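Novice: My questions will all concern the structure given below.
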Amino acid sequence: MTDSVRLQWLADLFRLLGRTGLGKRKSTGKGSFDVTGIDKCNLFEAIDNPNAFLSLSNFVPAPGDPTEGNYRVMVKYGKLGEEFALSKHPFKHPLLMIQAGSVFRVQGMVRAYYGYMIEDIAPAHPEVLQYALAFSVPVRLEA
């Protein structure tokens, strides 16, 4: 698959997501957006000698993920969507998460993501997973 085909595929996926919407109020039209363009960019080549990462999303650290940093925590009270929202038990267990915008020091290379997928989050639906990964952007922190 060529880069231009990948970019077109990604743009199509984001357009579909934009029509569907994001977030808890998507059923009322909130969270929708339009994609006006997409360009290739490699954030991992932008910083020389990164020693930390900035989280672009809320996440739950996986065992072995960095712990030294500046962060805030939040409690996510999730609700199931689509056909599961109509079930007798549409709520997920509360989940303690690190907020987007947090910065963590790393030893070695910055990975593309941190965190993990949470299992057993919806009592009535064991097949449901909670996305708890952080997309990372390498940064360089001074001592």
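Letters A, B, ... go to the chains of the structure tokens in the order shown; residues in each chain start at 1; ligands are counted from 1 in the same order.
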Give me, as a list in words, all polymer residues having an atom no more than 7 Å from segment 98-111 of chain A, counting only C-alpha atoms and skipping those fewer than 2 positions away in the same chain.
Specialist: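 Everything that qualifies: Asn51, Ala52, Phe53, Leu54, Ser55, Leu56, Ser57, Asn58, Phe59, Val60, Pro66, Thr67, Glu68, Gly69, Asn70, Tyr71, Arg72, Val73, Met74, Tyr113 and Pro138 of chain A.
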Novice: Chain A: which residues are strand (DSSP E or B) by DSSP, as number ranges by chain?
Specialist: A: 52-55, 59, 69-70, 73-76, 79, 91, 95-98, 103-105, 113-115, 118, 130, 133-139
Novice: Work out how far apart atom CA of Lys24 of chain A and atom CA of Leu7 of chain A are and give it in Å to one decimal.
Specialist: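 Calculated distance between atom CA of Lys24 of chain A and atom CA of Leu7 of chain A is 28.0 Å.
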Novice: Between atom CA of Lys92 of chain A and atom CA of Ser32 of chain A, what is the distance in Å, rounded to a tenth?
Specialist: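 Going from atom CA of Lys92 of chain A over to atom CA of Ser32 of chain A, I get 23.5 Å.
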Novice: Where in chain A does DSSP assign helix (DSSP H, G or I), given as a PyMOL selection string?
Specialist: chain A and resi 3-20+26-28+43-45+82-86
Novice: Just N, CA and C atoms for this one: save the residues we selected as a compact mmCIF listing (two decimals), in the first residue's frame.
Specialist:
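Contents of result_4.txt, freshly written:
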```txt
# COMPACT_ATOMS: atom_id res chain seq x y z
N ASP A 3 1.91 5.36 0.29
CA ASP A 3 1.58 6.40 1.27
C ASP A 3 0.33 7.16 0.88
N SER A 4 0.15 7.45 -0.40
CA SER A 4 -1.03 8.20 -0.81
C SER A 4 -2.31 7.38 -0.61
N VAL A 5 -2.22 6.07 -0.83
CA VAL A 5 -3.38 5.20 -0.58
C VAL A 5 -3.68 5.14 0.91
N ARG A 6 -2.62 5.05 1.73
CA ARG A 6 -2.81 5.04 3.19
C ARG A 6 -3.45 6.34 3.68
N LEU A 7 -2.97 7.46 3.17
CA LEU A 7 -3.54 8.75 3.57
C LEU A 7 -5.01 8.86 3.15
N GLN A 8 -5.34 8.40 1.96
CA GLN A 8 -6.73 8.43 1.50
C GLN A 8 -7.60 7.54 2.36
N TRP A 9 -7.10 6.35 2.70
CA TRP A 9 -7.82 5.41 3.56
C TRP A 9 -8.07 6.04 4.94
N LEU A 10 -7.03 6.67 5.50
CA LEU A 10 -7.15 7.33 6.79
C LEU A 10 -8.15 8.49 6.72
N ALA A 11 -8.07 9.28 5.67
CA ALA A 11 -9.01 10.39 5.51
C ALA A 11 -10.45 9.88 5.42
N ASP A 12 -10.66 8.79 4.69
CA ASP A 12 -12.01 8.20 4.58
C ASP A 12 -12.51 7.72 5.94
N LEU A 13 -11.62 7.11 6.72
CA LEU A 13 -12.01 6.65 8.07
C LEU A 13 -12.40 7.83 8.96
N PHE A 14 -11.62 8.90 8.91
CA PHE A 14 -11.93 10.08 9.72
C PHE A 14 -13.22 10.76 9.25
N ARG A 15 -13.47 10.76 7.96
CA ARG A 15 -14.73 11.33 7.46
C ARG A 15 -15.93 10.54 8.00
N LEU A 16 -15.82 9.21 7.97
CA LEU A 16 -16.88 8.36 8.52
C LEU A 16 -17.06 8.62 10.01
N LEU A 17 -15.97 8.70 10.74
CA LEU A 17 -16.03 8.99 12.17
C LEU A 17 -16.64 10.36 12.42
N GLY A 18 -16.30 11.32 11.58
CA GLY A 18 -16.86 12.67 11.71
C GLY A 18 -18.36 12.71 11.51
N ARG A 19 -18.86 11.89 10.59
CA ARG A 19 -20.32 11.84 10.37
C ARG A 19 -21.02 11.14 11.53
N THR A 20 -20.37 10.14 12.12
CA THR A 20 -20.94 9.40 13.25
C THR A 20 -20.91 10.23 14.52
N LYS A 26 -23.09 12.20 21.18
CA LYS A 26 -23.10 12.01 19.73
C LYS A 26 -24.49 11.72 19.20
N SER A 27 -25.37 11.13 20.03
CA SER A 27 -26.73 10.83 19.56
C SER A 27 -27.55 12.09 19.33
N THR A 28 -27.11 13.23 19.87
CA THR A 28 -27.81 14.49 19.66
C THR A 28 -27.09 15.38 18.64
N LEU A 43 5.77 12.70 13.77
CA LEU A 43 6.11 13.40 15.00
C LEU A 43 7.35 12.83 15.66
N PHE A 44 7.69 11.58 15.36
CA PHE A 44 8.84 10.96 15.99
C PHE A 44 10.16 11.42 15.38
N GLU A 45 10.13 12.15 14.29
CA GLU A 45 11.35 12.70 13.70
C GLU A 45 11.53 14.18 14.01
N GLU A 82 -24.31 2.38 21.17
CA GLU A 82 -25.01 1.61 20.15
C GLU A 82 -26.02 0.64 20.76
N GLU A 83 -26.04 -0.61 20.31
CA GLU A 83 -27.07 -1.55 20.77
C GLU A 83 -26.95 -1.88 22.26
N PHE A 84 -25.77 -1.76 22.84
CA PHE A 84 -25.61 -2.04 24.26
C PHE A 84 -26.23 -0.95 25.14
N ALA A 85 -26.39 0.25 24.61
CA ALA A 85 -26.96 1.35 25.37
C ALA A 85 -28.42 1.07 25.74
N LEU A 86 -29.07 0.21 25.00
CA LEU A 86 -30.47 -0.12 25.25
C LEU A 86 -30.64 -1.30 26.21
```
